[in-house]
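Peer 1: Following this message is one structure expressed as structure tokens.
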Number of protein chains: 4
Amino acid sequence: MVIVMKPGAREEDLREVIARVEALGYQAHVIRGTTRSVVAAVGDERGKARLQALEALAGVQSVVPILQPFKLASRETRAARTVVRVGSLEIGGDRLHVMAGPCSVESEEQLLTVARAVREAGATILRGGAFKPRTSPYAFQGLAEDGLKLLAAAREATGLKVVTEVLNPRDLDVVARYTDILQVGARNVQNFALLKEVGEIGKPVLLKRGMSTTIQEYLMSAEYILSAGNTNVILCERGIRTFETATRFTLDLNAVPVLQKLTHLPIIVDPSHGTGHWEYVPALAKAAVAVGADGLMIEVHPKPEEALSDGIQSLKPARFAHLMSDLQTVAKAVGRYL
Amino acid sequence: MVIVMKPGAREEDLREVIARVEALGYQAHVIRGTTRSVVAAVGDERGKARLQALEALAGVQSVVPILQPFKLASRETRAARTVVRVGSLEIGGDRLHVMAGPCSVESEEQLLTVARAVREAGATILRGGAFKPRTSPYAFQGLAEDGLKLLAAAREATGLKVVTEVLNPRDLDVVARYTDILQVGARNVQNFALLKEVGEIGKPVLLKRGMSTTIQEYLMSAEYILSAGNTNVILCERGIRTFETATRFTLDLNAVPVLQKLTHLPIIVDPSHGTGHWEYVPALAKAAVAVGADGLMIEVHPKPEEALSDGIQSLKPARFAHLMSDLQTVAKAVGRYL
Amino acid sequence: MVIVMKPGAREEDLREVIARVEALGYQAHVIRGTTRSVVAAVGDERGKARLQALEALAGVQSVVPILQPFKLASRETRAARTVVRVGSLEIGGDRLHVMAGPCSVESEEQLLTVARAVREAGATILRGGAFKPRTSPYAFQGLAEDGLKLLAAAREATGLKVVTEVLNPRDLDVVARYTDILQVGARNVQNFALLKEVGEIGKPVLLKRGMSTTIQEYLMSAEYILSAGNTNVILCERGIRTFETATRFTLDLNAVPVLQKLTHLPIIVDPSHGTGHWEYVPALAKAAVAVGADGLMIEVHPKPEEALSDGIQSLKPARFAHLMSDLQTVAKAVGRYL
Amino acid sequence: MVIVMKPGAREEDLREVIARVEALGYQAHVIRGTTRSVVAAVGDERGKARLQALEALAGVQSVVPILQPFKLASRETRAARTVVRVGSLEIGGDRLHVMAGPCSVESEEQLLTVARAVREAGATILRGGAFKPRTSPYAFQGLAEDGLKLLAAAREATGLKVVTEVLNPRDLDVVARYTDILQVGARNVQNFALLKEVGEIGKPVLLKRGMSTTIQEYLMSAEYILSAGNTNVILCERGIRTFETATRFTLDLNAVPVLQKLTHLPIIVDPSHGTGHWEYVPALAKAAVAVGADGLMIEVHPKPEEALSDGIQSLKPARFAHLMSDLQTVAKAVGRYL
């Protein structure tokens with residue numbers, strides 16, 4: 001943190017800042033400029049949020065953070081890339097993993113049809129929502145535990161791993177019983193109650209970036225899970241909210257290299273939610289592989305026009321199979337494989 | 001919903017759209033333009049989300065929503081403004097209510113000092129967090145039930161009503177036991193699990209707008225609570241996330257008249273979180289009253305520079321008292337009172 | 001500027017940074033932390049953009065600006081508030097000025113009708129576009145010099161001052177000949193060619209904030225005009241672009257106190273463009289006065305439903321007169337008058 | 001356009017809307033729903049902006065645009081992809097073109113060094129700014145005509161084509177004399193005065209998307225140039241402004257497939273400005289090729305740490321050469337070549 005004094009600040013204002021910086025356990029370095037002084041507070045960044053309150057002091061103009069506030073998620077703490085193991089699968093290694101399936105689990109037939117199709121096309125993990133976070137209370141809310149059972153049955157039938165979302169801490173045990181990867185959705189990225197409880201379970205967690213979460217905040221949310229003892233965190237860029245309405249969200253592929261610079265955690269990309277329109281999914285999926293993502297999450301539905309949720313953004317199985325073939329070529333071009 | 005066909009769409013594509021619109025229970029009106037046709041689907045908007053999946057059909061170019069998807073929150077359902085009663089207080093009437101207090105409950109002395117000061121200055125409701133949603137897991141997380149007890153004691157001592165946030169559905173019972181108004185914070189505005197459970201309790205709910213929630217989504221979140229049977233919902237604009245970094249968020253005062261046009265629910269404004277800097281709070285508080293808000297939520301701390309959270313944006317008691325006096329004048333100028 | 005070194009940076013990396021900082025004319029202060037060093041560059045902020053290129057060096061992690069890069073626009077350079085004189089009017093004093101009129105000058109009758117009505121209601125300055133920046137090339141582009149002549153005639157007839165927009169440096173002379181205040185519109189806020197030429201003319205300039213201009217960039221645009229020798233700059237907040245679509249833009253009233261902290265220039269607010277809907281204009285106009293603006297710009301049209309541009313956001317003369325009366329009351333409540 | 005009536009609108013309100021729609025030259029189709037009526041206006045979209053003013057009428061709730069307002073830029077007008085010819089080069093064909101060079105032309109030696117290096121690596125077009133749009137008036141503003149002469153000399157020496165920016169309509173002739181492609185920068189995307197004049201010149205135009213320009217507005221800006229008679233427009237995505245600050249802008253690769261759906265114009269991508277950090281440029285450049293862009297614009301500087309502008313985001317020649325080799329592989333994977 002750098003505490004910037006006002007131009008006319010008095011010596012005693014400066015002394016008070018120094019005293020408070022030191023009282024909070026940091027070293028204070030004073031730099032006297034031509035028009036004002038600044039005080040640099042040196043020490044562990046993790047607790048520095050409290051220093052920001054010094055902006056309330058008389059002689060202080062602003063408090064500027066210099067370093068990143070996360071620790072366990074940082075590449076500075078752990079230089080080697082983390083590989084998250086989901087049974088025999090390794091997420092974050094040379095092989096890319098594709099998580100595919102319907103937005104919502106709707107019926108046994110729907111789920112099995114999709115599961116078989118995506119496995120055939122090369123996906124390794126089945127996605128499907130049993131508890132659905134829907135903007136409208138009048139929209140389909142998911143099959144709940146019945147949906148989880150269908151997911152488990154589809155895993156049995158296909159050998160795919162399963163990822164599904166948990167919305168309520170109260171449902172954590174039942175969801176964890178059926179799934180291989182617990183998904184925390186975009187709308188819960190700062191649901192700290194849920195993050196803490198998910199952190200106490202050993203299962204891999206797919207933590208989606210929120211629609212307006214900065215990368216720094218996103219890594220702080222990952223830090224909640226990591227600091228609770230669960231190191232199996234997979235990040236997922238799924239589109240941010242911007243002024244542009246031609247796409248449902250703006251898939252932020254910039255986040256992939258930025259996250260790779262800052263953190264050791266694996267990063268996958270969800271172009272289905274990111275764009276919100278199935279016709280843009282193939283182009284963005286290829287771009288996600290080229291930009292360096294460790295995998296993809298893609299919505300696939302046998303009859304998108306009849307889907308109970310997110311039909312607009314779902315690929316039909318045949319299109320998905322075609323895309324998977326294209327993705328293999330792109331993956332190879334950047335030294336990875338599917 | 002208007003379903004826009006592609007310029008070259010065939011008659012059979014159009015017939016399929018019509019058939020599906022009707023199968024979902026809507027009337028289909030076809031309008032044939034010079035370059036393309038459009039199909040208007042007429043009927044109850046609430047379930048129309050499913051119509052959007054028709055964009056997956058071959059001849060369809062886009063699906064454009066025309067009406068608002070909320071019902072119970074709408075002024076069209078209920079023209080009269082809702083007044084939420086909190087004991088003897090009426091929120092949404094001619095009298096404005098100010099909810100003031102520290103960001104976090106830190107100690108008995110801190111809380112009582114603030115509570116007495118804000119009551120003296122004219123506030124009617126005490127705010128204070130016992131369960132704190134903090135971006136960093138290393139930041140102060142709140143005193144939990146001990147904090148709730150201190151809030152109850154302060155209510156006892158001052159006669160102020162109490163509003164405090166609930167983060168976890170598991171804590172709902174204990175929080176409801178101590179508080180007069182349950183706050184659902186900005187980060188949980190689309191935590192639908194929490195919204196549903198809060199909706200099943202009779203207590204007034206202060207539902208903060210999320211930092212990237214559109215007004216339409218925000219009213220859909222209110223609709224979750226209303227449709228679960230709880231009609232005592234107070235809305236609160238607290239700043240949205242934009243590109244501008246000079247303020248912590250961008251307090252969106254436009255939301256007040258827009259919400260007043262769309263909904264009958266009362267609306268308060270939180271300039272403390274909205275701006276993130278105490279020195280901007282008075283100007284925006286006055287503007288919030290002038291724009292027509294039904295009340296304010298303002299952070300007050302006896303020693304902001306020592307606050308365990310949000311010291312930057314907290315007013316000292318003397319400044320708050322001065323502001324309250326200014327607010328009375330502005331309220332009078334717009335036909336309200338404090 | 002603070003140059004943050006990477007954790008593993010070598011002594012020679014640090015020495016290179018110091019050497020380059022000094023070569024660019026700044027003093028270099030090194031602070032050695034537990035995991036890394038940082039170098040503070042002390043000196044005039046105005047030329048410091050070049051320091052940011054040091055991020056390209058091997059041992060450097062990031063370069064963090066600490067101070068504001070504008071100078072002439074800053075309150076640190078000039079503590080007293082600037083009052084811009086437009087004939088006998090003083091913008092930035094205790095009296096608020098309202099600039100009102102149609103979006104576009106359409107005809108003599110239209111303009112005179114509005115001019116008389118707004119003068120009657122208390123406006124002191126007539127707005128009206130002769131050169132119109134329209135998103136579509138197929139939309140009405142303005143009456144050009146004929147429009148300027150009508151503005152001058154309306155000034156003659158009413159005694160109102162005139163403000164109108166200039167789009168093209170080639171038109172600067174002709175616009176300056178007819179108008180009292182030159183308006184640089186939101187879309188030209190970083191049209192530096194235009195800013196430089198406008199800066200070389202003595203006339204007052206109304207510089208609108210761009211829809212995605214940060215406050216810092218906005219003041220840098222003002223600095224272009226100031227540094228070219230023209231000190232008569234009036235700022236105008238007119239709405240920024242955010243994710244919210246319920247309003248055309250998001251009028252950012254936070255900008256008013258932030259600008260008042262940073263600069264001595266007067267600030268007016270345009271709620272017509274800021275909200276894009278006439279029914280929200282009165283509420284936001286009152287809020288703008290309460291927040292501390294030095295004036296308002298409001299669109300008024302005798303028949304909004306027939307306007308050639310921006311009819312949606314124009315008030316009818318009677319509504320405007322009613323609003324002006326309300327604004328007087330609010331102005332008085334905050335110690336100003338109309 | 002769909003004009004949505006208020007629930008309680010009277011028959012005469014409806015009749016007035018119909019009359020006005022027809023008076024403006026459109027057919028009016030009335031659809032009567034359960035709670036309200038809507039009027040669809042059928043006809044050429046280009047002039048429909050005026051219909052929006054109907055929102056000012058008593059019985060009207062809102063006016064919702066249904067179709068896109070651009071025509072010449074639309075794929076519906078011209079299904080085949082446009083190929084822009086720059087001498088013997090074809091932009092928009094199977095071969096991707098890379099425009100590379102320094103942000104600013106600084107000296108003959110700097111420019112020639114870069115020009116030779118980028119040609120060697122496979123670039124076909126030299127970029128370099130002679131007139132520079134700088135946020136700060138105190139930053140380097142470019143060498144003006146001297147810079148143009150150096151660009152022409154570099155073209156002579158290397159055979160590369162040249163692209164450079166024009167800021168002021170007054171400079172249009174001199175810039176056009178020296179360059180092969182006229183660049184209109186992001187900050188001038190809605191500088192309609194400049195767009196009109198550029199449209200009257202036959203030269204190819206590289207029109208950059210503005211930092212907060214929606215895709216629809218962007219195509220309307222292209223429409224200005226097209227409707228003035230110049231069909232040689234190349235689009236360029238270069239990053240939009242969002243809440244995220246980890247990158248300078250958010251490169252919006254979603255725009256590429258969206259633009260390809262809507263328009264026939266070729267689209268290139270500028271990852272240097274889009275990310276603002278050289279270390280993210282290679283990943284995003286590869287993604288841009290994979291997503292389907294027709295080319296790239298990349299900043300290259302022999303000594304980024306000494307650059308007079310944008311050193312942070314410039315690649316060194318060796319890194320650029322390495323990237324070009326990678327891009328060839330990715331291009332091949334998506335059926336294109338460099």
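Please note that chains go A, B, ... in the order of the structure tokens, that every chain numbers its residues from 1, and that ligands are numbered from 1 in the order shown.
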Within 12 Å of Leu226 in chain D, counting only C-alpha atoms, which residues show up once you throw out same-chain ones fewer than 4 positions away? Write them as a compact mmCIF listing (two decimals) with N, CA, C and O atoms, in the first residue's frame, please.
Peer 2:
```txt
# COMPACT_ATOMS: atom_id res chain seq x y z
N SER C 136 -26.70 7.37 -37.06
CA SER C 136 -27.03 6.87 -38.40
C SER C 136 -26.83 7.94 -39.47
O SER C 136 -27.26 9.08 -39.31
N PRO C 137 -26.19 7.57 -40.59
CA PRO C 137 -26.03 8.55 -41.67
C PRO C 137 -27.37 8.89 -42.32
O PRO C 137 -27.45 9.86 -43.08
N TYR C 138 -28.40 8.10 -42.04
CA TYR C 138 -29.70 8.33 -42.64
C TYR C 138 -30.57 9.23 -41.77
O TYR C 138 -31.69 9.57 -42.13
N PHE D 70 -28.69 -0.69 -40.14
CA PHE D 70 -27.72 -0.41 -41.21
C PHE D 70 -28.12 -1.20 -42.45
O PHE D 70 -28.84 -2.18 -42.37
N LYS D 71 -27.67 -0.74 -43.58
CA LYS D 71 -28.11 -1.36 -44.83
C LYS D 71 -26.92 -1.77 -45.70
O LYS D 71 -26.75 -2.94 -45.99
N LEU D 72 -26.09 -0.80 -46.10
CA LEU D 72 -24.98 -1.12 -47.00
C LEU D 72 -23.97 -2.04 -46.33
O LEU D 72 -23.31 -2.84 -46.99
N ALA D 73 -23.84 -1.95 -45.00
CA ALA D 73 -22.88 -2.79 -44.30
C ALA D 73 -23.43 -4.19 -44.06
O ALA D 73 -22.70 -5.09 -43.65
N SER D 74 -24.72 -4.37 -44.32
CA SER D 74 -25.38 -5.62 -43.91
C SER D 74 -25.15 -6.78 -44.88
O SER D 74 -25.10 -6.60 -46.09
N LEU D 195 -15.61 10.80 -40.58
CA LEU D 195 -16.10 9.64 -41.33
C LEU D 195 -16.62 10.05 -42.71
O LEU D 195 -16.36 9.40 -43.72
N LYS D 196 -17.38 11.16 -42.74
CA LYS D 196 -17.94 11.60 -44.02
C LYS D 196 -16.84 11.94 -45.00
O LYS D 196 -16.90 11.57 -46.17
N GLU D 197 -15.81 12.65 -44.51
CA GLU D 197 -14.75 13.08 -45.43
C GLU D 197 -13.91 11.88 -45.89
O GLU D 197 -13.49 11.80 -47.05
N VAL D 198 -13.68 10.94 -44.98
CA VAL D 198 -12.93 9.75 -45.34
C VAL D 198 -13.72 8.93 -46.36
O VAL D 198 -13.16 8.27 -47.24
N GLY D 199 -15.05 9.00 -46.25
CA GLY D 199 -15.90 8.25 -47.18
C GLY D 199 -15.85 8.79 -48.60
O GLY D 199 -16.17 8.07 -49.55
N GLU D 200 -15.40 10.02 -48.71
CA GLU D 200 -15.36 10.62 -50.05
C GLU D 200 -14.06 10.37 -50.78
O GLU D 200 -13.87 10.79 -51.92
N ILE D 201 -13.14 9.72 -50.08
CA ILE D 201 -11.86 9.39 -50.69
C ILE D 201 -11.90 7.91 -51.07
O ILE D 201 -12.51 7.11 -50.38
N GLY D 202 -11.24 7.54 -52.14
CA GLY D 202 -11.33 6.15 -52.59
C GLY D 202 -10.49 5.17 -51.80
O GLY D 202 -10.70 3.96 -51.85
N LYS D 203 -9.54 5.66 -51.02
CA LYS D 203 -8.58 4.79 -50.33
C LYS D 203 -9.25 3.83 -49.35
O LYS D 203 -10.24 4.19 -48.69
N PRO D 204 -8.66 2.65 -49.17
CA PRO D 204 -9.15 1.75 -48.12
C PRO D 204 -9.07 2.43 -46.75
O PRO D 204 -8.14 3.20 -46.49
N VAL D 205 -10.06 2.14 -45.94
CA VAL D 205 -10.12 2.73 -44.60
C VAL D 205 -10.12 1.61 -43.57
O VAL D 205 -10.90 0.65 -43.68
N LEU D 207 -11.22 1.09 -40.03
CA LEU D 207 -12.07 1.78 -39.05
C LEU D 207 -12.04 0.99 -37.74
O LEU D 207 -12.58 -0.11 -37.65
N LEU D 219 -21.26 -0.57 -36.83
CA LEU D 219 -21.66 -0.76 -38.23
C LEU D 219 -22.34 0.48 -38.79
O LEU D 219 -22.27 0.75 -39.99
N MET D 220 -22.99 1.25 -37.93
CA MET D 220 -23.55 2.52 -38.40
C MET D 220 -22.43 3.49 -38.77
O MET D 220 -22.56 4.28 -39.71
N SER D 221 -21.31 3.44 -38.05
CA SER D 221 -20.17 4.28 -38.41
C SER D 221 -19.58 3.83 -39.75
O SER D 221 -19.21 4.66 -40.58
N ALA D 222 -19.50 2.52 -39.94
CA ALA D 222 -19.04 2.01 -41.24
C ALA D 222 -20.00 2.47 -42.34
O ALA D 222 -19.59 2.83 -43.45
N ASN D 230 -17.46 5.09 -50.40
CA ASN D 230 -16.23 4.32 -50.26
C ASN D 230 -16.55 2.93 -49.71
O ASN D 230 -16.94 2.79 -48.55
N THR D 231 -16.38 1.91 -50.53
CA THR D 231 -16.75 0.56 -50.09
C THR D 231 -15.58 -0.22 -49.52
O THR D 231 -15.74 -1.37 -49.13
N ASN D 232 -14.41 0.42 -49.45
CA ASN D 232 -13.21 -0.30 -48.99
C ASN D 232 -12.98 -0.13 -47.50
O ASN D 232 -12.01 0.49 -47.07
N VAL D 233 -13.88 -0.69 -46.73
CA VAL D 233 -13.79 -0.52 -45.28
C VAL D 233 -13.33 -1.83 -44.64
O VAL D 233 -13.90 -2.89 -44.88
N ILE D 234 -12.29 -1.71 -43.81
CA ILE D 234 -11.80 -2.85 -43.02
C ILE D 234 -12.14 -2.55 -41.57
O ILE D 234 -11.81 -1.48 -41.06
N LEU D 265 -18.10 -7.07 -44.42
CA LEU D 265 -16.80 -6.39 -44.40
C LEU D 265 -15.74 -7.24 -43.70
O LEU D 265 -16.05 -7.96 -42.75
```
Peer 1: If we count only C-alpha atoms, what is near range 176-184 of chain A at a cut-off of 7 Å, once residues fewer than 6 positions away on the same chain are taken out, given as a count of residues only?
Peer 2: 15
Peer 1: At most 10 Å is the cut-off: for each residue in chain A with any atom that close to an atom of chain D, write down the nearest atom pair and the distance in Å rounded to one decimal, counting only C-alpha atoms, chain first then increasing number, as a Markdown table.
Peer 2:
```
| residue | atom | partner | partner_atom | distance |
| --- | --- | --- | --- | --- |
| A:Ser212 | CA | D:Phe243 | CA | 7.4 |
| A:Thr213 | CA | D:Glu244 | CA | 8.0 |
| A:Thr214 | CA | D:Glu244 | CA | 5.4 |
| A:Ile215 | CA | D:Ala246 | CA | 7.0 |
| A:Gln216 | CA | D:Ala246 | CA | 8.1 |
| A:Ile240 | CA | D:Thr242 | CA | 8.7 |
| A:Arg241 | CA | D:Thr242 | CA | 8.0 |
| A:Thr242 | CA | D:Thr242 | CA | 5.8 |
| A:Phe243 | CA | D:Thr214 | CA | 7.3 |
| A:Glu244 | CA | D:Thr214 | CA | 5.4 |
| A:Thr245 | CA | D:Thr214 | CA | 7.6 |
| A:Ala246 | CA | D:Ile215 | CA | 7.0 |
| A:Thr247 | CA | D:Asn254 | CA | 7.5 |
| A:Phe249 | CA | D:Asn254 | CA | 9.3 |
| A:Thr250 | CA | D:Asn254 | CA | 6.8 |
| A:Leu251 | CA | D:Asn254 | CA | 6.7 |
| A:Asp252 | CA | D:Thr250 | CA | 6.9 |
| A:Leu253 | CA | D:Leu284 | CA | 7.6 |
| A:Asn254 | CA | D:Leu251 | CA | 6.7 |
| A:Ala255 | CA | D:Ala246 | CA | 8.4 |
| A:Val256 | CA | D:Ala283 | CA | 8.7 |
| A:Pro257 | CA | D:Tyr280 | CA | 6.0 |
| A:Val258 | CA | D:Tyr280 | CA | 7.2 |
| A:Leu259 | CA | D:Ala246 | CA | 9.6 |
| A:Lys261 | CA | D:Glu279 | CA | 9.2 |
| A:Pro271 | CA | D:Asn254 | CA | 9.5 |
| A:Gly274 | CA | D:Asn254 | CA | 8.8 |
| A:Thr275 | CA | D:Asn254 | CA | 7.1 |
| A:His277 | CA | D:Val258 | CA | 9.9 |
| A:Glu279 | CA | D:Pro257 | CA | 8.4 |
| A:Tyr280 | CA | D:Pro257 | CA | 6.1 |
| A:Val281 | CA | D:Pro257 | CA | 9.2 |
| A:Pro282 | CA | D:Val291 | CA | 8.4 |
| A:Ala283 | CA | D:Val291 | CA | 4.7 |
| A:Leu284 | CA | D:Val291 | CA | 5.8 |
| A:Ala285 | CA | D:Val291 | CA | 8.1 |
| A:Lys286 | CA | D:Ala290 | CA | 5.6 |
| A:Ala287 | CA | D:Ala287 | CA | 4.2 |
| A:Ala288 | CA | D:Ala287 | CA | 6.6 |
| A:Val289 | CA | D:Ala287 | CA | 7.6 |
| A:Ala290 | CA | D:Ala287 | CA | 4.9 |
| A:Val291 | CA | D:Ala283 | CA | 4.7 |
| A:Gly292 | CA | D:Ala283 | CA | 6.9 |
| A:Asp326 | CA | D:Val334 | CA | 7.8 |
| A:Leu327 | CA | D:Ala333 | CA | 9.0 |
| A:Gln328 | CA | D:Ala333 | CA | 9.1 |
| A:Thr329 | CA | D:Ala333 | CA | 5.5 |
| A:Val330 | CA | D:Ala333 | CA | 5.4 |
| A:Ala331 | CA | D:Ala333 | CA | 8.8 |
| A:Lys332 | CA | D:Ala333 | CA | 8.3 |
| A:Ala333 | CA | D:Val330 | CA | 5.4 |
| A:Val334 | CA | D:Val330 | CA | 7.2 |
```
Peer 1: Pull the helix (DSSP H, G or I) assignments for range 142-180 of chain B out of DSSP run on the backbone, and list those residues as a list in words.
Peer 2: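 Restricting range 142-180 of chain B to helix (DSSP H, G or I) produces Glu145, Asp146, Gly147, Leu148, Lys149, Leu150, Leu151, Ala152, Ala153, Ala154, Arg155, Glu156, Ala157, Thr158, Pro169, Arg170, Asp171, Leu172, Asp173, Val174, Val175, Ala176, Arg177 and Tyr178 of chain B.
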Peer 1: Rounded to one decimal, what separation in Å do you get between CA of Glu306 in chain D and CA of Ala53 in chain C?
Peer 2: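 Going from CA of Glu306 in chain D over to CA of Ala53 in chain C, I get 6.7 Å.
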Peer 1: Can you tell me which residues surround Arg50 in chain B at a distance of at most 8 Å, considering only C-alpha atoms, apart from same-chain residues fewer than 4 positions away, and format the answer as a count of residues only?
Peer 2: 5
Peer 1: Which one of A:Leu67, A:Leu167, A:Ala49, A:Ala79 sits closest to Thr35 in chain C if you count only C-alpha atoms?
Peer 2: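 Once distances to Thr35 in chain C are computed over only C-alpha atoms, the minimum belongs to A:Leu67.
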Peer 1: So which residues touch Ala117 in chain C within 9 Å, counting only C-alpha atoms, skipping near sequence neighbours fewer than 6 positions away, as a ChimeraX atom specification?
Peer 2: /C:123,317-318,320-321
Peer 1: So what do you get for CA of Ala193 in chain C versus CA of Glu76 in chain C, distance-wise?
Peer 2: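 Interatomic distance, CA of Ala193 in chain C to CA of Glu76 in chain C: 27.1 Å.
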Peer 1: Counting only C-alpha atoms, which of A:Val300, A:Pro169, A:Ser107, A:Val60 gets nearest to Arg119 in chain A?
Peer 2: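 Result for the nearest residue to Arg119 in chain A: A:Val300.
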Peer 1: In Å, how far is it from CA of Asp294 in chain D to CA of Ile225 in chain D?
Peer 2: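 Between CA of Asp294 in chain D and CA of Ile225 in chain D the gap is 20.1 Å.
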Peer 1: Could you give me, as a list in words, each residue of range 45-146 of chain A that DSSP assigns to strand (DSSP E or B) when run on this structure's backbone?
Peer 2: Val60, Gln61, Ser62, Val63, Val64, Ser74, Val84, Arg85, Val86, Leu89, Glu90, Ile91, Arg95, His97, Val98, Met99, Ala100, Gly101, Ser104, Ile125, Leu126, Arg127 and Gly129 of chain A
Peer 1: Those selected residues, please, written with N, CA, C and O atoms and delivered as a short mmCIF file (atom, residue, chain, number, x, y, z; two decimals), in the first residue's frame.
Peer 2:
```
data_model
loop_
_atom_site.label_atom_id
_atom_site.label_comp_id
_atom_site.auth_asym_id
_atom_site.auth_seq_id
_atom_site.Cartn_x
_atom_site.Cartn_y
_atom_site.Cartn_z
N VAL A 60 -4.60 12.73 4.61
CA VAL A 60 -4.41 11.70 3.58
C VAL A 60 -5.29 11.96 2.37
O VAL A 60 -6.48 12.23 2.51
N GLN A 61 -4.69 11.89 1.18
CA GLN A 61 -5.47 12.07 -0.04
C GLN A 61 -6.02 10.75 -0.56
O GLN A 61 -7.18 10.64 -0.92
N SER A 62 -5.19 9.73 -0.63
CA SER A 62 -5.66 8.44 -1.12
C SER A 62 -4.72 7.34 -0.68
O SER A 62 -3.59 7.59 -0.28
N VAL A 63 -5.24 6.12 -0.73
CA VAL A 63 -4.45 4.94 -0.38
C VAL A 63 -4.46 4.03 -1.60
O VAL A 63 -5.53 3.65 -2.09
N VAL A 64 -3.28 3.75 -2.14
CA VAL A 64 -3.18 3.02 -3.41
C VAL A 64 -2.58 1.64 -3.17
O VAL A 64 -1.45 1.53 -2.70
N SER A 74 -1.71 -17.63 -5.59
CA SER A 74 -0.71 -16.90 -6.38
C SER A 74 0.41 -17.80 -6.90
O SER A 74 0.86 -18.72 -6.23
N VAL A 84 -5.48 -30.61 -11.31
CA VAL A 84 -6.57 -31.13 -10.47
C VAL A 84 -6.97 -32.50 -11.00
O VAL A 84 -7.29 -32.65 -12.19
N ARG A 85 -6.93 -33.48 -10.12
CA ARG A 85 -7.27 -34.85 -10.52
C ARG A 85 -8.74 -35.15 -10.23
O ARG A 85 -9.22 -34.94 -9.13
N VAL A 86 -9.42 -35.63 -11.26
CA VAL A 86 -10.83 -36.03 -11.13
C VAL A 86 -10.84 -37.51 -11.53
O VAL A 86 -10.88 -37.83 -12.72
N LEU A 89 -8.69 -38.51 -14.56
CA LEU A 89 -8.49 -37.34 -15.43
C LEU A 89 -7.60 -36.31 -14.75
O LEU A 89 -7.68 -36.13 -13.52
N GLU A 90 -6.81 -35.65 -15.55
CA GLU A 90 -5.96 -34.58 -15.02
C GLU A 90 -6.32 -33.27 -15.70
O GLU A 90 -6.09 -33.12 -16.90
N ILE A 91 -6.85 -32.34 -14.93
CA ILE A 91 -7.23 -31.04 -15.50
C ILE A 91 -6.10 -30.05 -15.21
O ILE A 91 -5.75 -29.84 -14.05
N ARG A 95 -3.36 -32.51 -21.79
CA ARG A 95 -4.63 -32.89 -22.41
C ARG A 95 -5.74 -31.93 -21.99
O ARG A 95 -5.93 -31.68 -20.79
N HIS A 97 -9.64 -31.02 -21.42
CA HIS A 97 -10.86 -31.75 -21.12
C HIS A 97 -12.07 -30.92 -21.48
O HIS A 97 -12.13 -29.72 -21.18
N VAL A 98 -13.04 -31.57 -22.11
CA VAL A 98 -14.27 -30.88 -22.47
C VAL A 98 -15.42 -31.41 -21.62
O VAL A 98 -15.65 -32.62 -21.56
N MET A 99 -16.06 -30.50 -20.92
CA MET A 99 -17.24 -30.82 -20.11
C MET A 99 -18.45 -30.44 -20.95
O MET A 99 -18.60 -29.26 -21.31
N ALA A 100 -19.28 -31.41 -21.28
CA ALA A 100 -20.39 -31.11 -22.18
C ALA A 100 -21.66 -31.75 -21.66
O ALA A 100 -21.63 -32.71 -20.90
N GLY A 101 -22.77 -31.19 -22.09
CA GLY A 101 -24.06 -31.73 -21.67
C GLY A 101 -25.10 -30.64 -21.67
O GLY A 101 -24.82 -29.49 -22.05
N SER A 104 -29.85 -27.97 -18.28
CA SER A 104 -30.58 -28.64 -17.19
C SER A 104 -30.74 -30.12 -17.49
O SER A 104 -30.97 -30.51 -18.63
N ILE A 125 -16.22 -35.29 -19.48
CA ILE A 125 -17.00 -34.93 -18.29
C ILE A 125 -18.39 -34.49 -18.74
O ILE A 125 -18.53 -33.76 -19.72
N LEU A 126 -19.39 -34.96 -18.02
CA LEU A 126 -20.79 -34.62 -18.34
C LEU A 126 -21.25 -33.47 -17.45
O LEU A 126 -21.12 -33.53 -16.23
N ARG A 127 -21.77 -32.42 -18.06
CA ARG A 127 -22.33 -31.33 -17.27
C ARG A 127 -23.86 -31.43 -17.33
O ARG A 127 -24.43 -31.97 -18.31
N GLY A 129 -27.41 -29.46 -15.01
CA GLY A 129 -27.85 -28.82 -13.77
C GLY A 129 -29.05 -29.54 -13.17
O GLY A 129 -30.03 -29.80 -13.86
#
```
